[in-house]
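Chemist: Hey, dropping final.txt in here, compact mmCIF, C-alpha atoms:
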```txt
# COMPACT_ATOMS: atom_id res chain seq x y z
CA MET A 1 -15.00 28.69 -46.33
CA ALA A 2 -15.71 29.06 -50.06
CA ASP A 3 -12.02 29.70 -50.76
CA THR A 4 -11.03 26.44 -49.09
CA GLN A 5 -13.61 24.50 -51.06
CA GLN A 6 -12.36 25.97 -54.34
CA VAL A 7 -8.74 25.04 -53.50
CA ASP A 8 -9.83 21.47 -52.64
CA GLU A 9 -11.76 21.15 -55.89
CA THR A 10 -8.76 22.40 -57.89
CA ALA A 11 -6.44 19.95 -56.12
CA ASP A 12 -8.90 17.11 -56.73
CA ALA A 13 -9.13 18.00 -60.41
CA LYS A 14 -5.34 18.07 -60.74
CA GLN A 15 -5.05 14.69 -58.98
CA ALA A 16 -7.73 13.20 -61.24
CA ALA A 17 -5.90 14.47 -64.34
CA LYS A 18 -2.61 13.05 -63.05
CA SER A 19 -4.24 9.66 -62.42
CA GLU A 20 -5.79 9.70 -65.89
CA ARG A 21 -2.40 10.35 -67.50
CA ALA A 22 -0.78 7.56 -65.46
CA ALA A 23 -3.52 5.12 -66.49
CA ALA A 24 -3.13 6.10 -70.16
CA ARG A 25 0.66 5.55 -70.01
CA LEU A 26 0.22 2.16 -68.36
CA ALA A 27 -2.48 1.18 -70.88
CA ARG A 28 -0.09 1.94 -73.75
CA ARG A 29 2.59 -0.25 -72.16
CA ILE A 30 0.09 -3.05 -71.54
CA SER A 31 -1.13 -2.85 -75.13
CA ALA A 32 2.46 -2.95 -76.43
CA PHE A 33 3.16 -6.03 -74.30
CA ALA A 34 0.00 -7.71 -75.59
CA LYS A 35 0.93 -6.93 -79.20
CA GLU A 36 4.44 -8.33 -78.72
CA HIS A 37 3.21 -11.53 -77.06
CA GLY A 38 0.16 -12.37 -79.18
CA GLY A 39 -2.31 -11.11 -76.57
CA ALA A 40 -2.20 -10.83 -72.81
CA GLU A 41 -4.08 -11.42 -69.59
CA GLY A 42 -3.41 -9.75 -66.27
CA GLN A 43 -3.96 -9.58 -62.55
CA VAL A 44 -3.91 -6.53 -60.27
CA ALA A 45 -2.45 -6.91 -56.77
CA HIS A 46 -2.43 -4.28 -54.03
CA LEU A 47 1.10 -3.39 -52.86
CA GLY A 48 0.19 -1.20 -49.89
CA GLU A 49 1.41 2.39 -49.91
CA ARG A 50 3.53 1.67 -52.99
CA GLY A 51 0.45 1.21 -55.17
CA ALA A 52 -0.55 -1.81 -57.22
CA ARG A 53 1.25 -4.41 -59.31
CA ILE A 54 -0.11 -5.38 -62.70
CA VAL A 55 1.15 -8.85 -63.64
CA LEU A 56 0.91 -9.56 -67.37
CA VAL A 57 1.08 -12.97 -69.04
CA GLY A 58 1.27 -13.16 -72.82
CA GLU A 59 -0.31 -15.85 -74.98
CA ASP A 60 3.21 -17.09 -75.71
CA GLY A 61 3.96 -17.54 -71.99
CA GLY A 62 6.08 -14.40 -71.73
CA TRP A 63 5.41 -12.37 -68.62
CA GLY A 64 6.15 -9.06 -67.02
CA ASP A 65 4.80 -6.61 -64.53
CA LEU A 66 4.15 -2.92 -64.05
CA VAL A 67 3.57 -0.85 -60.93
CA ALA A 68 0.73 1.67 -60.77
CA PRO A 69 0.38 4.40 -58.13
CA SER A 70 -2.93 2.92 -56.93
CA VAL A 71 -5.30 0.01 -57.46
CA ALA A 72 -7.79 2.40 -59.07
CA VAL A 73 -5.22 3.57 -61.64
CA ALA A 74 -4.17 -0.05 -62.32
CA GLU A 75 -7.77 -1.12 -62.88
CA GLN A 76 -8.37 1.87 -65.12
CA ALA A 77 -5.24 1.00 -67.16
CA VAL A 78 -6.15 -2.67 -67.71
CA GLY A 79 -9.66 -1.55 -68.64
CA LYS A 80 -8.32 0.89 -71.24
CA ALA A 81 -5.99 -1.79 -72.62
CA GLY A 82 -8.90 -4.22 -72.94
CA ILE A 83 -7.18 -7.29 -71.50
CA THR A 84 -8.77 -10.07 -69.48
CA VAL A 85 -8.16 -9.51 -65.76
CA HIS A 86 -8.07 -12.37 -63.25
CA GLU A 87 -8.92 -12.08 -59.56
CA ALA A 88 -5.92 -14.18 -58.49
CA PHE A 89 -2.65 -15.38 -59.95
CA ASP A 90 -3.37 -19.10 -59.82
CA GLY A 91 -4.75 -22.06 -61.74
CA GLU A 92 -4.79 -22.00 -65.52
CA PHE A 93 -3.67 -18.36 -65.59
CA ALA A 94 -0.48 -19.03 -63.61
CA ALA A 95 0.18 -22.19 -65.63
CA LYS A 96 0.53 -20.08 -68.79
CA VAL A 97 3.78 -18.51 -67.53
CA ARG A 98 6.91 -19.87 -69.19
CA THR A 99 10.15 -19.35 -67.33
CA GLY A 100 13.62 -19.59 -68.76
CA PRO A 101 17.17 -19.99 -67.48
CA TYR A 102 17.32 -16.41 -66.23
CA GLU A 103 14.32 -16.84 -63.93
CA TRP A 104 15.58 -20.18 -62.60
CA THR A 105 18.98 -18.70 -61.87
CA ARG A 106 17.68 -15.52 -60.27
CA MET A 107 14.65 -16.81 -58.35
CA ALA A 108 15.00 -20.51 -57.71
CA GLY A 109 18.37 -21.70 -58.94
CA ILE A 110 20.10 -21.81 -55.58
CA GLN A 111 17.15 -23.48 -53.82
CA VAL A 112 16.74 -26.28 -56.36
CA GLY A 113 20.41 -26.91 -57.07
CA GLY A 114 20.79 -24.66 -60.08
CA PRO A 115 23.80 -22.50 -60.84
CA LYS A 116 24.81 -20.04 -58.17
CA ASN A 117 24.34 -16.35 -58.78
CA GLY A 118 27.66 -14.81 -58.58
```
I need this file expressed as structure tokens, please.
Modeler:
Amino acid sequence: MADTQQVDETADAKQAAKSERAAARLARRISAFAKEHGGAEGQVAHLGERGARIVLVGEDGGWGDLVAPSVAVAEQAVGKAGITVHEAFDGEFAAKVRTGPYEWTRMAGIQVGGPKNG
């Protein structure tokens, strides 16, 4: 029984180290985004088995997203990056997003009479 426990503890330690590295990588990317956009705020959303999505909105209205392997890793990454995290993507936070022609063409252009993607 002791051998099994030792193997489990080793596997847990390796998984924890892997999660820590993933969070550090994501935090660097979040910090780079914030630097490029004059600051940033974010929101973490659970994606199911895929992990978690970190939506970032810059002070200039620029936006982007990252995918983390889990909600815990995503929360650890935004914590390391030191950004403000919102519970939901709505209200004043969502209103900060500025979209351009690319987004209208790709996401809503066809529905609202914009140019067709082709």
Chemist: Can you list, as a list in words, every protein, DNA or RNA residue that comes within 12 Å of A:Asp90 when you count all atoms listed in the file, leaving out same-chain residues fewer than 6 positions away?
Modeler: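 These residues fall inside the cut-off: Gly42, Gln43, Val55, Val57, Lys96 and Val97 of chain A.
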Chemist: Around (4.8, -19.8, -68.7) in the file's own coordinates, what residues are found within 12 Å if you use only C-alpha atoms, given back as a VMD selection string?
Modeler: chain A and resid 37 56 to 64 92 to 100 103
Chemist: Extract, using only C-alpha atoms, all DNA, RNA and protein residues at most 10 Å from stretch 45-50 of chain A, discarding same-chain residues fewer than 5 positions from it, and format them as an MDAnalysis selection string.
Modeler: chainID A and resid 55 67:72 74:75 87:89
Chemist: Which distance in Å separates atom CA of A:Ile54 and atom CA of A:Leu66, to one decimal?
Modeler: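 Separation between atom CA of A:Ile54 and atom CA of A:Leu66: 5.1 Å.
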Chemist: How far is it from atom CA of A:Lys35 to atom CA of A:Gly51, in Å with one decimal?
Modeler: 25.4 Å
